[in-house]
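Colleague: I am sharing protein.cif, which consists of mmCIF, C-alpha atoms:
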data_target
#
loop_
_atom_site.label_atom_id
_atom_site.label_comp_id
_atom_site.auth_asym_id
_atom_site.auth_seq_id
_atom_site.Cartn_x
_atom_site.Cartn_y
_atom_site.Cartn_z
CA MET S 129 -28.65 21.88 19.67
CA THR S 130 -30.73 24.62 21.32
CA ARG S 131 -29.35 28.15 21.20
CA LYS S 132 -28.47 29.94 24.42
CA LEU S 133 -31.56 31.96 25.30
CA LEU S 134 -31.18 35.72 25.37
CA LEU S 135 -34.40 36.37 27.24
CA THR S 136 -37.32 34.75 29.01
CA PHE S 137 -40.43 36.66 29.99
CA TYR S 138 -43.77 36.34 31.76
CA GLY S 139 -46.62 38.51 30.50
CA ASP S 140 -49.22 39.73 32.98
CA ASP S 141 -52.00 39.22 30.43
CA PHE S 142 -52.30 37.39 27.13
CA THR S 143 -52.56 40.30 24.71
CA GLY S 144 -49.60 41.97 26.37
CA SER S 145 -47.62 38.75 26.14
CA ALA S 146 -48.26 38.60 22.39
CA ASP S 147 -47.17 42.24 22.18
CA ALA S 148 -43.86 41.34 23.87
CA MET S 149 -43.37 38.41 21.50
CA GLU S 150 -44.02 40.68 18.51
CA SER S 151 -41.60 43.38 19.66
CA LEU S 152 -38.78 40.83 19.80
CA SER S 153 -39.73 38.97 16.61
CA ILE S 154 -39.96 41.99 14.33
CA CYS S 155 -36.55 43.11 15.60
CA GLY S 156 -34.92 39.84 14.58
CA VAL S 157 -35.02 37.85 17.84
CA ARG S 158 -36.98 34.65 17.27
CA CYS S 159 -39.50 34.29 20.08
CA VAL S 160 -42.16 31.72 20.95
CA LEU S 161 -44.92 32.39 23.49
CA PHE S 162 -46.10 29.43 25.58
CA LEU S 163 -49.14 28.97 27.79
CA SER S 164 -47.00 27.28 30.46
CA PRO S 165 -43.23 27.03 30.90
CA PRO S 166 -41.74 24.73 28.25
CA SER S 167 -39.32 21.98 29.13
CA PRO S 168 -35.76 22.10 27.79
CA ALA S 169 -36.62 18.90 25.87
CA LEU S 170 -39.55 20.58 24.07
CA LEU S 171 -37.34 23.50 23.11
CA ARG S 172 -34.66 21.17 21.76
CA GLU S 173 -37.10 19.06 19.78
CA ARG S 174 -39.49 21.65 18.33
CA PHE S 175 -37.85 25.06 18.70
CA PRO S 176 -34.07 24.65 18.45
CA GLU S 177 -33.58 28.10 16.89
CA VAL S 178 -35.58 30.06 19.45
CA GLU S 179 -33.76 32.85 21.29
CA ALA S 180 -36.53 34.17 23.54
CA VAL S 181 -39.24 32.26 25.40
CA GLY S 182 -42.33 33.80 26.95
CA VAL S 183 -45.17 32.54 29.11
CA ALA S 184 -48.55 34.21 28.79
CA GLY S 185 -50.09 34.78 32.18
CA ALA S 186 -52.97 36.52 33.89
CA SER S 187 -51.38 38.24 36.89
CA ARG S 188 -52.81 41.63 35.87
CA THR S 189 -56.14 40.45 37.31
CA MET S 190 -54.71 38.69 40.40
CA THR S 191 -54.64 39.76 44.01
CA PRO S 192 -51.24 39.76 45.74
CA GLU S 193 -52.20 36.51 47.46
CA GLN S 194 -53.02 34.89 44.12
CA MET S 195 -49.77 36.17 42.65
CA GLU S 196 -47.88 34.63 45.55
CA GLN S 197 -49.44 31.26 44.74
CA SER S 198 -49.12 31.44 40.95
CA LEU S 199 -45.92 33.28 40.04
CA PRO S 200 -43.04 31.65 41.98
CA PRO S 201 -43.22 28.24 40.22
CA ILE S 202 -43.47 29.89 36.78
CA PHE S 203 -40.63 32.32 37.47
CA GLY S 204 -38.56 29.44 38.82
CA ALA S 205 -39.18 27.28 35.74
CA LEU S 206 -38.22 30.13 33.41
CA GLY S 207 -35.14 30.82 35.53
CA ARG S 208 -34.00 27.23 35.04
CA LEU S 209 -33.87 27.85 31.28
CA GLN S 210 -30.81 30.01 32.10
CA ALA S 211 -31.49 32.95 29.81
CA ARG S 212 -29.34 36.05 30.09
CA LEU S 213 -32.30 38.12 31.37
CA PHE S 214 -35.81 37.57 32.74
CA HIS S 215 -38.51 40.13 31.89
CA TYR S 216 -41.76 40.61 33.83
CA LYS S 217 -43.88 42.12 31.07
CA VAL S 218 -46.50 44.70 32.09
CA CYS S 219 -48.90 46.79 30.07
CA SER S 220 -47.52 50.02 28.62
CA THR S 221 -50.20 51.86 30.59
CA PHE S 222 -48.89 50.28 33.83
CA ASP S 223 -52.28 48.77 34.76
CA SER S 224 -51.91 47.91 38.45
CA SER S 225 -52.94 48.71 41.99
CA PRO S 226 -52.00 47.49 45.47
CA ALA S 227 -55.02 45.16 45.37
CA ILE S 228 -55.06 43.93 41.75
CA GLY S 229 -52.14 43.19 39.43
CA SER S 230 -49.58 44.66 41.82
CA ILE S 231 -46.33 45.26 39.94
CA GLY S 232 -44.69 45.88 43.28
CA LYS S 233 -45.66 42.39 44.40
CA ALA S 234 -44.28 40.92 41.15
CA TYR S 235 -41.01 42.78 41.82
CA GLU S 236 -40.76 41.25 45.30
CA ILE S 237 -41.45 37.72 44.04
CA GLY S 238 -39.01 38.09 41.16
CA GLN S 239 -36.23 39.36 43.37
CA ARG S 240 -36.57 36.36 45.68
CA ILE S 241 -35.83 34.16 42.67
CA PHE S 242 -33.43 36.16 40.48
CA HIS S 243 -31.50 38.24 43.07
CA SER S 244 -30.76 41.00 40.59
CA PRO S 245 -28.41 43.70 41.96
CA TYR S 246 -30.96 46.22 40.72
CA VAL S 247 -34.14 45.90 38.63
CA PRO S 248 -34.50 48.08 35.50
CA LEU S 249 -38.01 49.44 34.90
CA LEU S 250 -38.78 50.47 31.31
CA VAL S 251 -42.46 51.18 30.66
CA GLY S 252 -42.50 53.62 27.76
CA ALA S 253 -42.73 52.28 24.22
CA PRO S 254 -42.55 55.04 21.60
CA ALA S 255 -43.45 52.51 18.88
CA LEU S 256 -46.81 52.17 20.66
CA LYS S 257 -47.05 55.93 21.38
CA ARG S 258 -46.32 55.45 25.06
CA TYR S 259 -43.80 57.87 26.54
CA CYS S 260 -42.14 58.21 29.94
CA ILE S 261 -40.83 61.74 30.54
CA PHE S 262 -39.20 62.67 33.86
CA GLY S 263 -40.86 59.62 35.38
CA ASN S 264 -44.38 60.48 34.19
CA LEU S 265 -46.20 58.20 31.75
CA PHE S 266 -48.04 59.54 28.70
CA ALA S 267 -50.18 57.73 26.12
CA THR S 268 -51.55 58.86 22.77
CA VAL S 269 -55.20 58.38 21.79
CA GLU S 270 -55.72 59.01 18.08
CA ASP S 271 -53.72 62.24 17.62
CA GLU S 272 -53.74 63.56 21.19
CA THR S 273 -51.28 62.60 23.93
CA PHE S 274 -52.44 62.51 27.55
CA ARG S 275 -50.65 62.25 30.86
CA LEU S 276 -51.94 58.96 32.20
CA ASP S 277 -53.87 60.38 35.15
CA ARG S 278 -55.77 62.50 32.60
CA HIS S 279 -56.09 59.75 29.99
CA PRO S 280 -59.75 59.38 28.89
CA MET S 281 -59.72 55.61 29.45
CA MET S 282 -56.95 54.77 31.92
CA SER S 283 -57.94 57.45 34.41
CA ARG S 284 -61.39 55.78 34.49
CA HIS S 285 -60.35 52.14 34.19
CA PRO S 286 -62.99 50.03 35.99
CA VAL S 287 -60.43 47.88 37.87
CA THR S 288 -57.12 49.78 38.01
CA PRO S 289 -57.78 53.49 37.38
CA MET S 290 -54.63 55.56 37.02
CA ALA S 291 -54.76 58.44 39.52
CA GLU S 292 -51.00 59.13 39.42
CA SER S 293 -48.82 59.47 36.32
CA ASP S 294 -45.47 59.54 38.15
CA LEU S 295 -44.58 55.86 38.10
CA ARG S 296 -42.36 56.17 41.16
CA LEU S 297 -45.27 57.42 43.24
CA HIS S 298 -47.68 54.90 41.72
CA LEU S 299 -45.29 52.04 42.53
CA ARG S 300 -44.67 53.32 46.06
CA GLY S 301 -48.18 52.22 46.98
CA GLN S 302 -47.33 48.62 45.96
CA THR S 303 -43.86 48.01 47.43
CA ASP S 304 -41.35 49.50 49.86
CA ALA S 305 -38.60 49.17 47.24
CA VAL S 306 -36.74 52.38 46.42
CA THR S 307 -37.14 53.54 42.80
CA ALA S 308 -34.60 55.90 41.24
CA LEU S 309 -35.07 57.71 37.92
CA PHE S 310 -32.65 57.77 34.99
CA ASP S 311 -34.28 60.54 33.02
CA LEU S 312 -34.08 61.59 29.38
CA LEU S 313 -31.36 64.16 30.12
CA SER S 314 -29.22 61.49 31.77
CA LEU S 315 -29.73 59.29 28.70
CA SER S 316 -28.40 62.05 26.42
CA GLY S 317 -24.79 62.74 25.49
CA THR S 318 -21.75 60.62 24.76
CA THR S 319 -21.51 56.98 25.83
CA LYS S 320 -18.86 57.97 28.38
CA GLN S 321 -21.09 60.65 29.88
CA VAL S 322 -24.11 58.36 30.08
CA ASN S 323 -22.06 55.55 31.63
CA ARG S 324 -20.64 57.90 34.27
CA ARG S 325 -24.13 59.15 35.23
CA PHE S 326 -25.50 55.61 35.35
CA ALA S 327 -22.64 54.36 37.52
CA ALA S 328 -23.24 57.26 39.91
CA LEU S 329 -26.93 56.37 40.13
CA LEU S 330 -26.23 52.70 40.77
CA GLY S 331 -23.74 53.77 43.42
CA GLN S 332 -26.73 54.98 45.44
CA ARG S 333 -27.91 51.33 45.47
CA PRO S 334 -31.54 51.80 44.39
CA ASP S 335 -33.75 48.73 44.26
CA ILE S 336 -35.38 49.77 40.97
CA VAL S 337 -34.18 52.12 38.22
CA LEU S 338 -36.92 53.70 36.09
CA PHE S 339 -35.77 54.70 32.59
CA ASP S 340 -37.41 57.53 30.67
CA ALA S 341 -38.53 56.62 27.14
CA LEU S 342 -39.08 59.33 24.55
CA ASP S 343 -37.56 58.23 21.25
CA ASP S 344 -35.65 55.41 19.55
CA ALA S 345 -32.21 56.82 20.36
CA ARG S 346 -32.85 56.94 24.12
CA MET S 347 -34.61 53.56 24.01
CA GLU S 348 -31.52 52.04 22.41
CA GLU S 349 -29.33 53.67 25.06
CA ALA S 350 -31.53 52.26 27.82
CA GLY S 351 -31.32 48.83 26.17
CA ARG S 352 -27.52 49.09 26.10
CA LEU S 353 -27.31 50.04 29.79
CA ILE S 354 -29.61 47.19 30.81
CA TRP S 355 -27.81 44.61 28.66
CA GLU S 356 -24.29 45.65 29.65
CA SER S 357 -25.07 45.84 33.37
CA ASP S 358 -25.33 42.83 35.63
CA ALA S 359 -29.13 43.02 35.92
CA ARG S 360 -30.83 39.62 35.71
CA PHE S 361 -34.45 40.73 36.10
CA VAL S 362 -36.22 43.60 34.32
CA ILE S 363 -39.78 44.91 34.57
CA GLY S 364 -41.48 46.77 31.76
CA SER S 365 -43.67 46.89 28.68
CA SER S 366 -42.83 45.55 25.23
CA GLY S 367 -40.56 48.58 25.12
CA VAL S 368 -38.01 46.31 26.84
CA GLY S 369 -37.90 44.13 23.72
CA PHE S 370 -37.60 47.13 21.42
CA ALA S 371 -34.81 48.61 23.55
CA LEU S 372 -32.77 45.42 23.82
CA ALA S 373 -33.21 44.52 20.15
CA GLY S 374 -32.27 48.09 19.20
CA HIS S 375 -29.02 47.68 21.09
CA LEU S 376 -28.31 44.18 19.71
CA ARG S 377 -28.99 45.43 16.15
CA ARG S 378 -30.35 42.20 14.69
CA PRO S 379 -31.33 42.10 10.98
CA ARG S 380 -35.08 42.61 10.77
CA PRO S 381 -37.07 39.85 9.05
CA ARG S 382 -39.63 40.59 6.36
CA TYR S 383 -43.21 39.46 6.89
CA SER S 384 -45.70 38.97 4.09
CA SER S 385 -49.47 39.33 4.28
CA ALA S 386 -51.23 36.33 5.77
CA GLY S 387 -53.83 36.60 3.00
CA ARG S 388 -57.55 37.15 3.19
CA VAL S 389 -60.00 34.66 4.67
CA GLU S 390 -63.69 34.75 3.85
CA GLN S 391 -64.90 34.44 7.44
CA LEU S 392 -63.65 35.40 10.87
CA ILE S 393 -64.82 34.65 14.39
CA VAL S 394 -64.28 37.44 16.93
CA MET S 395 -64.65 36.78 20.66
CA THR S 396 -64.58 39.88 22.83
CA GLY S 397 -65.00 40.58 26.51
CA SER S 398 -63.79 44.17 26.28
CA CYS S 399 -66.03 47.01 27.39
CA SER S 400 -63.82 49.78 25.95
CA ALA S 401 -65.03 52.52 23.64
CA ALA S 402 -62.47 51.42 21.04
CA THR S 403 -63.89 47.90 20.93
CA LEU S 404 -67.44 49.27 20.72
CA ALA S 405 -66.43 51.27 17.63
CA GLN S 406 -64.98 48.10 16.12
CA ILE S 407 -68.14 46.09 16.84
CA GLU S 408 -70.30 48.81 15.30
CA TRP S 409 -68.08 49.07 12.21
CA ALA S 410 -68.13 45.30 11.77
CA GLU S 411 -71.92 45.09 12.05
CA ALA S 412 -72.28 47.88 9.50
CA ASN S 413 -69.99 46.00 7.11
CA GLY S 414 -71.34 42.46 6.96
CA PHE S 415 -70.37 40.94 10.33
CA ALA S 416 -73.13 39.61 12.55
CA GLY S 417 -73.07 40.54 16.24
CA LEU S 418 -74.19 38.11 18.95
CA ARG S 419 -74.41 39.12 22.61
CA LEU S 420 -73.35 36.63 25.29
CA ASP S 421 -75.29 36.70 28.55
CA SER S 422 -72.55 37.07 31.19
CA SER S 423 -74.83 36.19 34.08
CA LEU S 424 -75.71 32.85 32.47
CA LEU S 425 -72.20 31.97 31.26
CA ALA S 426 -70.50 32.69 34.58
CA ASP S 427 -72.96 30.52 36.55
CA GLU S 428 -72.07 26.84 36.21
CA THR S 429 -75.72 25.82 36.48
CA THR S 430 -76.66 27.76 33.33
CA ALA S 431 -73.35 28.04 31.43
CA GLU S 432 -73.75 24.97 29.22
CA ALA S 433 -77.24 25.94 28.05
CA GLU S 434 -76.16 29.51 27.25
CA ARG S 435 -73.10 28.24 25.40
CA ALA S 436 -75.29 25.89 23.37
CA ARG S 437 -77.70 28.72 22.50
CA VAL S 438 -74.94 30.96 21.21
CA ARG S 439 -73.20 28.07 19.42
CA ARG S 440 -76.36 27.24 17.46
CA ALA S 441 -76.92 30.86 16.49
CA ALA S 442 -73.29 31.41 15.51
CA LEU S 443 -73.06 28.21 13.45
CA GLU S 444 -76.21 29.17 11.57
CA LEU S 445 -74.68 32.54 10.68
CA LEU S 446 -71.37 30.96 9.75
CA SER S 447 -73.16 28.44 7.53
CA ALA S 448 -74.75 31.38 5.73
CA GLY S 449 -71.30 32.81 5.01
CA ARG S 450 -71.30 35.55 7.67
CA SER S 451 -68.44 36.48 9.99
CA VAL S 452 -69.49 36.80 13.63
CA VAL S 453 -68.59 39.00 16.60
CA LEU S 454 -69.46 37.43 19.96
CA TYR S 455 -69.46 40.08 22.69
CA THR S 456 -70.36 40.55 26.35
CA ALA S 457 -70.46 44.36 26.30
CA ARG S 458 -71.13 47.25 23.94
CA GLY S 459 -68.80 49.87 25.34
CA PRO S 460 -68.28 51.44 28.76
CA ASN S 461 -71.87 52.71 29.07
CA ASP S 462 -73.57 49.39 28.38
CA PRO S 463 -75.62 48.59 31.54
CA ALA S 464 -75.74 44.83 30.85
CA PRO S 465 -72.29 43.83 32.25
CA ARG S 466 -72.85 45.73 35.49
CA ALA S 467 -76.35 44.28 35.86
CA SER S 468 -74.95 40.77 35.28
CA LEU S 469 -72.20 41.32 37.85
CA ASP S 470 -74.68 42.63 40.42
CA LEU S 471 -76.90 39.60 39.84
CA LEU S 472 -73.97 37.20 40.23
CA ARG S 473 -72.85 38.93 43.41
CA GLN S 474 -76.30 38.32 44.83
CA ARG S 475 -75.69 34.64 44.10
CA GLY S 476 -72.43 34.76 46.11
CA PHE S 477 -69.84 35.21 43.32
CA ASP S 478 -67.00 37.73 43.61
CA GLU S 479 -65.78 39.74 40.61
CA GLN S 480 -62.55 37.75 40.20
CA THR S 481 -64.45 34.48 40.04
CA VAL S 482 -66.91 35.93 37.52
CA ARG S 483 -64.12 37.07 35.19
CA GLY S 484 -62.38 33.71 35.34
CA ARG S 485 -65.54 31.69 34.72
CA LEU S 486 -66.68 33.96 31.91
CA GLY S 487 -63.32 33.74 30.15
CA LYS S 488 -63.30 29.97 30.52
CA GLN S 489 -66.73 29.66 28.91
CA GLN S 490 -65.78 32.01 26.09
CA GLY S 491 -62.75 29.83 25.39
CA LEU S 492 -64.79 26.64 25.39
CA LEU S 493 -67.35 28.23 23.06
CA LEU S 494 -64.65 29.43 20.69
CA ARG S 495 -63.06 25.96 20.57
CA GLU S 496 -66.43 24.37 19.80
CA LEU S 497 -67.09 26.83 16.99
CA LEU S 498 -63.67 26.29 15.46
CA LEU S 499 -63.93 22.53 15.52
CA GLU S 500 -67.47 22.51 14.09
CA SER S 501 -66.98 25.23 11.48
CA GLY S 502 -63.45 24.38 10.37
CA LEU S 503 -62.46 28.08 10.30
CA ARG S 504 -58.74 28.77 10.74
CA ARG S 505 -58.56 32.41 11.85
CA VAL S 506 -59.97 34.06 14.97
CA CYS S 507 -59.63 37.25 16.97
CA VAL S 508 -59.85 37.42 20.77
CA ALA S 509 -60.29 40.95 22.12
CA GLY S 510 -59.66 42.11 25.67
CA GLY S 511 -56.67 41.23 27.84
CA ASP S 512 -58.65 39.47 30.58
CA THR S 513 -60.71 37.55 28.02
CA SER S 514 -57.62 36.44 26.13
CA SER S 515 -55.83 35.23 29.25
CA HIS S 516 -58.67 32.92 30.25
CA ALA S 517 -60.08 31.98 26.85
CA ILE S 518 -56.92 30.97 24.97
CA SER S 519 -56.02 28.49 27.70
CA ARG S 520 -59.21 26.58 26.82
CA LEU S 521 -58.54 26.36 23.10
CA GLY S 522 -56.17 23.42 23.19
CA VAL S 523 -53.07 25.25 21.93
CA TYR S 524 -49.78 25.36 23.82
CA ALA S 525 -47.77 28.08 22.06
CA LEU S 526 -47.95 31.02 19.65
CA GLU S 527 -45.44 32.53 17.24
CA LEU S 528 -45.72 35.70 15.18
CA ARG S 529 -47.36 35.06 11.79
CA THR S 530 -47.41 38.66 10.58
CA PRO S 531 -47.61 42.11 12.20
CA LEU S 532 -50.83 44.09 11.70
CA VAL S 533 -50.76 47.17 13.89
CA PRO S 534 -48.13 47.62 16.62
CA GLY S 535 -48.90 45.42 19.60
CA GLN S 536 -51.76 43.56 17.88
CA PRO S 537 -50.17 40.82 15.74
CA LEU S 538 -51.60 37.83 13.91
CA ASN S 539 -50.08 34.67 15.40
CA ARG S 540 -49.59 31.05 14.41
CA ALA S 541 -50.76 28.56 17.06
CA TYR S 542 -49.11 25.27 18.00
CA SER S 543 -51.34 22.43 19.19
CA ASP S 544 -51.14 18.66 19.64
CA ASP S 545 -54.58 18.55 17.99
CA ALA S 546 -54.09 18.53 14.21
CA LYS S 547 -57.40 20.39 13.75
CA LEU S 548 -56.07 23.34 15.75
CA ASP S 549 -52.36 23.23 14.92
CA GLY S 550 -51.56 26.15 12.63
CA LEU S 551 -54.65 28.11 13.70
CA GLU S 552 -54.20 31.85 13.19
CA ILE S 553 -55.05 33.90 16.29
CA ALA S 554 -55.12 37.68 16.54
CA LEU S 555 -55.10 39.06 20.08
CA LYS S 556 -56.41 42.59 20.52
CA GLY S 557 -56.14 44.74 23.60
CA GLY S 558 -59.46 46.33 24.46
CA GLN S 559 -58.29 49.90 23.94
CA HIS S 560 -56.38 49.34 20.69
CA GLY S 561 -57.01 49.35 16.96
CA ARG S 562 -58.87 51.38 14.36
CA ALA S 563 -62.61 51.03 13.84
CA ASP S 564 -62.02 48.57 10.94
CA HIS S 565 -59.56 46.43 12.92
CA PHE S 566 -61.56 43.21 12.63
CA GLU S 567 -61.64 43.61 8.85
CA SER S 568 -57.85 44.06 8.84
CA ILE S 569 -57.55 40.72 10.63
CA ARG S 570 -59.86 39.05 8.13
CA ARG S 571 -57.81 40.59 5.32
CA GLY S 572 -54.53 39.49 6.91
CA SER S 573 -52.90 42.89 6.47
CA LEU S 574 -53.54 46.58 7.11
#
Would you mind writing the structure in this file as structure tokens?
Modeller:
Amino acid sequence: MTRKLLLTFYGDDFTGSADAMESLSICGVRCVLFLSPPSPALLRERFPEVEAVGVAGASRTMTPEQMEQSLPPIFGALGRLQARLFHYKVCSTFDSSPAIGSIGKAYEIGQRIFHSPYVPLLVGAPALKRYCIFGNLFATVEDETFRLDRHPMMSRHPVTPMAESDLRLHLRGQTDAVTALFDLLSLSGTTKQVNRRFAALLGQRPDIVLFDALDDARMEEAGRLIWESDARFVIGSSGVGFALAGHLRRPRPRYSSAGRVEQLIVMTGSCSAATLAQIEWAEANGFAGLRLDSSLLADETTAEAERARVRRAALELLSAGRSVVLYTARGPNDPAPRASLDLLRQRGFDEQTVRGRLGKQQGLLLRELLLESGLRRVCVAGGDTSSHAISRLGVYALELRTPLVPGQPLNRAYSDDAKLDGLEIALKGGQHGRADHFESIRRGSL
């Protein structure tokens, strides 16, 4: 008999979805991440002990019109699983704008389906060095913490730059919903005091309540308030999982190293400085780098030939015992991606179409390399790349295999194809990880 689900969630990109799965799993809530909503029969037959079910999506790169087409059927299917709470999982840097990945639009769609009396918003995740203080979001890079509108990467993000750190003001540009703040001072004190303040805030009937997030104690308090209230729909980062699990106080499982593999395939579409440092470290330490030509892969008339070229080169390197990094960009200053996009625009392609086609071809290439090489561990880097590429691999679900660094786990894949079932997949956000991150994945531990 299937357990009553505590939580369902939809992740707005694939790496973020794996992050949400990890935050629940390491806190003792068994979670499985699917590529599409599972049926109750599948859960009964293959995952009877699961307590949380997620669906990995790609809404972070969608327009509001695309979200309106894509999200309602998925939200509805997850709602029919009758979990206690539904979570719309967003990035802990709140990547969004009125035109792309609108969190306000996701709120409006979710409320049409779940009719929550109010919607908690919890974006900070201290475990990931993301902090929300008096409504403003901060993120740490190496040892320095930046307000998000001054963050060296997010303030200059090529698609959704963060020009405002106050999440209430940022969200105001995406929805007319009223957002109230339950700040870190309100979260402090006795349970009776916190409950009285929270009841007074809800008495004002806000549409959304933003919770500050500074430390574990206040995260646990936010998790308690969310769980004990009558909210049915919550928006936030993987901090939501940490907060709820902190309140539920589940025994934490122990994870062992996945063990070292001799070779690793890395597929990356990230143009971040962090990923560039990882590519350079890998090339200096035995990995072979291969550039993918984005302009050829994203054009259907040339995609197959470009894929075949890279496949031959990669298989030759793999046969020689090398690990390979397949990339479309070498950091934010690489002129090649912009030149490719300009060329494709001249051919009539818009940026959204280019990203989707490129991710699809990267996924097909990765599947071909896995089937021909027989390798059993891969890394996919970049949220947009992961969202499109994993869907082409022929797997239908992921479960945590072992944590590596927070938010970047190694996962076990489920597939109806015996050659891919049990594949180990690490998903890496573009901005995350140390320079030697790919080697950590190959090693199976930090």
Colleague: Per residue of region 238-354 of chain S within 10 Å of region 556-574 of chain S, what are the shortest atom pair and its distance in Å to one decimal, counting only C-alpha atoms, with rows by chain and residue number, as a tab-separated table?
Modeller:
residue	atom	partner	partner_atom	distance
S:Leu256	CA	S:His560	CA	10.0
S:Val269	CA	S:His560	CA	9.2
S:Glu270	CA	S:Arg562	CA	9.1
S:Met281	CA	S:Gln559	CA	8.1
S:Met282	CA	S:Gln559	CA	9.4
Colleague: Could you write those residues out with C-alpha atoms, as a PDB file, in the coordinates of the input?
Modeller:
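For reference, result-v5.pdb as written:
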ATOM      1  CA  LEU S 256     -46.810  52.170  20.660  1.00  0.00           C
ATOM      2  CA  VAL S 269     -55.200  58.380  21.790  1.00  0.00           C
ATOM      3  CA  GLU S 270     -55.720  59.010  18.080  1.00  0.00           C
ATOM      4  CA  MET S 281     -59.720  55.610  29.450  1.00  0.00           C
ATOM      5  CA  MET S 282     -56.950  54.770  31.920  1.00  0.00           C
TER       6      MET S 282
END
Colleague: Please, what distance in Å, to one decimal, runs between CA of Asp141 (chain S) and CA of Arg284 (chain S)?
Modeller: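 A separation of 19.5 Å between them.
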Colleague: Show which residues sit within 9 Å of Gly374 (chain S), as a PyMOL selection string. Count all atoms listed in the file, and ignore same-chain residues fewer than 4 positions away.
Modeller: chain S and resi 155+344-345+347-349+351-352+369-370+378
Colleague: For Pro286 (chain S), please output as a PDB file with C-alpha atoms, in the coordinates of the input all residues within 12 Å (counting only C-alpha atoms; exclusion window: fewer than 3 positions along the same chain).
Modeller:
ATOM      1  CA  THR S 189     -56.140  40.450  37.310  1.00  0.00           C
ATOM      2  CA  ASP S 223     -52.280  48.770  34.760  1.00  0.00           C
ATOM      3  CA  SER S 224     -51.910  47.910  38.450  1.00  0.00           C
ATOM      4  CA  SER S 225     -52.940  48.710  41.990  1.00  0.00           C
ATOM      5  CA  ILE S 228     -55.060  43.930  41.750  1.00  0.00           C
ATOM      6  CA  MET S 281     -59.720  55.610  29.450  1.00  0.00           C
ATOM      7  CA  MET S 282     -56.950  54.770  31.920  1.00  0.00           C
ATOM      8  CA  SER S 283     -57.940  57.450  34.410  1.00  0.00           C
ATOM      9  CA  PRO S 289     -57.780  53.490  37.380  1.00  0.00           C
ATOM     10  CA  MET S 290     -54.630  55.560  37.020  1.00  0.00           C
ATOM     11  CA  SER S 398     -63.790  44.170  26.280  1.00  0.00           C
ATOM     12  CA  CYS S 399     -66.030  47.010  27.390  1.00  0.00           C
ATOM     13  CA  SER S 400     -63.820  49.780  25.950  1.00  0.00           C
ATOM     14  CA  PRO S 460     -68.280  51.440  28.760  1.00  0.00           C
ATOM     15  CA  ASN S 461     -71.870  52.710  29.070  1.00  0.00           C
ATOM     16  CA  PRO S 465     -72.290  43.830  32.250  1.00  0.00           C
ATOM     17  CA  ARG S 466     -72.850  45.730  35.490  1.00  0.00           C
ATOM     18  CA  GLU S 479     -65.780  39.740  40.610  1.00  0.00           C
TER      19      GLU S 479
END
Colleague: I want to know what sits within 12 Å of Lys547 (chain S), based on all atoms listed in the file, with residues of the same chain fewer than 5 positions away left out; could you give that as JSON, numbers by chain?
Modeller: {"S": [495, 496, 498, 499, 500, 501, 502, 503, 504, 521, 522, 523, 541, 542, 552]}
Colleague: To one decimal place, how far is CA of Gly417 (chain S) from CA of His516 (chain S) in Å?
Modeller: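 Pair CA of Gly417 (chain S) / CA of His516 (chain S) returns 21.5 Å.
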Colleague: Evaluated on this file, the PyMOL selection byres ((chain S and resi 472) around 10) picks out some residues - which ones are they, written as an MDAnalysis selection string?
Modeller: chainID S and resid 422:424 426:427 466:471 473:479 481:482
Colleague: Output C-alpha atoms of each residue in that selection to a file, as an mmCIF file, keeping the file's coordinate frame.
Modeller:
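Here's the written file part12.cif:
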data_model
loop_
_atom_site.group_PDB
_atom_site.id
_atom_site.type_symbol
_atom_site.label_atom_id
_atom_site.label_comp_id
_atom_site.auth_asym_id
_atom_site.auth_seq_id
_atom_site.Cartn_x
_atom_site.Cartn_y
_atom_site.Cartn_z
ATOM 1 C CA SER S 422 -72.550 37.070 31.190
ATOM 2 C CA SER S 423 -74.830 36.190 34.080
ATOM 3 C CA LEU S 424 -75.710 32.850 32.470
ATOM 4 C CA ALA S 426 -70.500 32.690 34.580
ATOM 5 C CA ASP S 427 -72.960 30.520 36.550
ATOM 6 C CA ARG S 466 -72.850 45.730 35.490
ATOM 7 C CA ALA S 467 -76.350 44.280 35.860
ATOM 8 C CA SER S 468 -74.950 40.770 35.280
ATOM 9 C CA LEU S 469 -72.200 41.320 37.850
ATOM 10 C CA ASP S 470 -74.680 42.630 40.420
ATOM 11 C CA LEU S 471 -76.900 39.600 39.840
ATOM 12 C CA ARG S 473 -72.850 38.930 43.410
ATOM 13 C CA GLN S 474 -76.300 38.320 44.830
ATOM 14 C CA ARG S 475 -75.690 34.640 44.100
ATOM 15 C CA GLY S 476 -72.430 34.760 46.110
ATOM 16 C CA PHE S 477 -69.840 35.210 43.320
ATOM 17 C CA ASP S 478 -67.000 37.730 43.610
ATOM 18 C CA GLU S 479 -65.780 39.740 40.610
ATOM 19 C CA THR S 481 -64.450 34.480 40.040
ATOM 20 C CA VAL S 482 -66.910 35.930 37.520
#
Colleague: What is the distance between CA of Asp358 (chain S) and CA of Thr303 (chain S), in Å to one decimal?
Modeller: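 Separating CA of Asp358 (chain S) from CA of Thr303 (chain S) is a distance of 22.6 Å.
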Colleague: Find the residues with any atom within 10 Å of (-35.8, 42.6, 12.0); use only C-alpha atoms and the coordinates as given in the file, and write the answer as a list in words.
Modeller: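 Looking at atoms near the point gives Ser151, Leu152, Ser153, Ile154, Cys155, Gly156, Val157, Arg158, Ala373, Gly374, Arg377, Arg378, Pro379, Arg380, Pro381, Arg382 and Tyr383 of chain S.
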Colleague: Between S:Ile363, S:Leu492, S:Ala509, S:Ala234, which has the minimum distance to Ala402 (chain S) (counting all atoms listed in the file)?
Modeller: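 Residue with the minimum atom-to-atom distance to Ala402 (chain S): S:Ala509.
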